[in-house]
Amino acid sequence: MGAAGAFAFTALPAAHATPSASAVIAEVYGGGGNSGATLTRDFVELGNAGSTAYDLSGYSVQYLPGSPSSGSTWQVTALTGAIAPGARYLVGEGTGSGGTTALPTTDASGSIAMSATTGTIALVSGTTALTCKTAADCAADPSIVDLTGYGTAVVREGSGPATGASNTASVARAGSLADTDDNAADFTAGTPSPVNSAGQTPGSGDGGGDGGSPTDPGTVRVHDIQGTTRLSPYSGQTVTRVPGIVTGVRTSGSLGYWIQDPTPDTDPRTSEAVFVYTGSTKPTVAVGDSVLVTGKVSEYYPSSTSQSNTEITGPTTTVLSSGNALPDAVTLDATSVPDAYIPTASGGSIESLPLQPTVYAQDFFESLEGMRVTFSDARVVGASDAYGELWVTVKPDENATARGGTLYSSYDQPNTGRIEVMSLDTTSTFPAANVGDELSGVTTGPLDYSTYGGYNVQATQLGTLVDNGLKQEVTRRQKKDELAVATYNVENLDALDTQEKFDRLAEGVAVNLNSPDIVALEEIQDDNGATNDGTVTAEATLKRFTDAVRAAGGPVYKWRYISPTNDADGGEPGGNIRQVFLFNPKRVSFTDHPGGDATTATSVVKTRKGVELTYSPGRIDPTDAAWEDSRKPLVGEFTFQGEQVFVVANHFISKGGDQPIHGRYQPPARSSETQRAAQAAEVNTFVKSLLAADRNAKAIVLGDLNDYEFSQTVTTLMADKVLTPLITTLPAAERYTYVYDGNSQTLDHILTSPAVTSFNYDVVHINAEFADQASDHDPQIVRIDLSKCGRHWHG
């Protein structure tokens, strides 16, 4: 409102009970987009009958249902600017799926879905929602400048509400804007006639994008909507007849389609494409259609900490032509994608930072949001999953693992070449790809963003899978004098699971791990799984599992565990997961010290026979706050060829709740690390007590630690050099047990005390890199030649 500055602003009227000689509600229409409507959107029109401009800064328009219930609340649309004397001010509200004509450019925009036939509109000095729900209470509220009840509204001015409102009719004041504070007398039903502050009406050729021919583009382009940061400068506003070519259509999940402007601007920061969200309505457009789209710009957040997708919602679409050539796709490769990952904001949001697409990979992808991108002959770094997704890298030389993945080895610099691939083709089978395979040829499609993994390609053209023959590993069998100890997360195994799951996991133990002497299992559930009836024993689960191991050629394992207190150890509700020791009694013996239970701590004691545990199996300080709603470590005392060995099986708290590495808060907060560090300190303290009693004690700490070898968790476990992580003894390209978002990483560990000096360590890759998995974790094993390790000291 460039001319508004030439006028002096009037003061606020005392209350709506006093007829206003300046700002009033001029027209109300709630039938926009409804059946039979011409206009696509609801609106409230304000008018200024005074001789000076009326400042609306800090004001709002508010709506209340016609017959408010105890749960009804006023809905608020904030206003800005001013109304010139004699002028109008247009507030756009909810958009429907019907109608053919857009409003002229709105002066303010909301999304209130007003009733076509009954409701109350208030012009309010302030943006706090009103609380009055009767005519008398609202009349006494000095913040209400003007109020209009229509239909059968309980809250209204005067003798009754304005009548005649419908899908095709608004209620409006006379052109004089006369106000007698009697809605029934002041308002008349008629054809909706919205006017904005520039005097424009629907189809008036406003030059601002909302008038003109229905087949003429408006003035707002996609790159204007996307802007130069992560947030649209048009967020919350209605844009009219935005032109573009349809480049992809999504007919399942979040329904809608992408449009891309074939005439880009010269700013590399501004994307030329945007997603048009159609709600529950399947899109009727086709790839190659030239369209004009009218709707409201919004920022959709897939999760509370993710970045957002800029979208046009509640769209009205006009198809101008079909079969048009698509805009050229941007190539993703080692040259185009920057090596730096994402900017930082000291833990705050990066959304307001200007994009630097030549500096940061995530800024580069954001500058292409919705646009057609393409890559060729890409290595698969994350196997296909049940949702029809896989990961590739467009940087073939970036941190490659020994088996074709991409290694994650630092918080400071995540891998920038990874990108997720999904297919928009719902008629074809998604390929079952393993890590190290190749997506050969060209893959092309719009670039999208989701909470799971961040940026992804919604492929309209998917490359051909080349199977590079990845095989499951089989580790060697331990020698006669070697004690073999393994750890394996068997992913919520319970007695009600299929025999196929038991058989596949058992084969991993009997064949791929070659029947270790001791196996620490994580995620063994109780005997009826997620049924939450108080069952905590796991005898049936372990009987089925050990029978399956025997059938696969393994030994007859015995087991030891401690049942948790019901629903006290985290994991799936009702599942009561715990760690379990399996051991081959023909090779190793378990030393039982009875009395350990879910809440009693085991400890180290010296006896005349040497060092032993008070309880075996036992738990490490299970009532400490470090283990709240988490799995407690299981400690066992074993004997192999006359040598004592102490094993601590762990399953630390998960990373759930941590902010994603691709999210809007940078650097991301790793809130779960605090509890894992406390858990690591507990285990470290226990091992210290063992070494204080016997400096040559052979301790093996192992399990799913849910953290990396470079994390504070592992550093805390190692404190004072009481433990060494064996993953660091492998070549860098082999240091991983898990694959997540295309990153090969280490979550599972084996650590040993200083006396364990002669060992052979191996991660056995049988799951994490494969589309067909028995578990999402790979097991690992250490073979220890105790005859060559430090001798036991009996104090």
# chains A, B, ... in the order shown; residues from 1 in each chain; ligands from 1
>>> residues_around(residues="region 56-58 of chain A", least_positions_apart="4", cutoff="12 Å", atoms="only C-alpha atoms", output="VMD selection string")
chain A and resid 1 4 9 to 12 23 to 24 46 to 48 76 to 84 89 107 to 108 123 to 128 143 145
>>> residues_around(residues="Ala361 (chain A)", least_positions_apart="2", cutoff="7 Å", atoms="only C-alpha atoms", output="list in words")
Val337, Pro338, Asp339, Ala340, Tyr341, Ile342, Pro357, Val359, Asp363, Phe364, Phe365 and Thr416 of chain A
>>> residues_around(residues="region 422-424 of chain A", least_positions_apart="6", cutoff="7 Å", atoms="only C-alpha atoms", output="list in words")
Arg250, Gly388, Glu389, Leu390, Val457, Gln458, Ala459 and Thr460 of chain A
>>> write_last_selection(atoms="C-alpha atoms", output="compact mmCIF listing (two decimals), in the first residue's frame")
# COMPACT_ATOMS: atom_id res chain seq x y z
CA ARG A 250 2.73 -38.80 -7.03
CA GLY A 388 10.79 -49.21 -2.15
CA GLU A 389 13.83 -47.08 -1.39
CA LEU A 390 17.58 -47.46 -1.87
CA VAL A 457 15.15 -38.43 -6.08
CA GLN A 458 11.55 -39.30 -6.97
CA ALA A 459 12.49 -41.23 -10.07
CA THR A 460 10.40 -40.92 -13.20
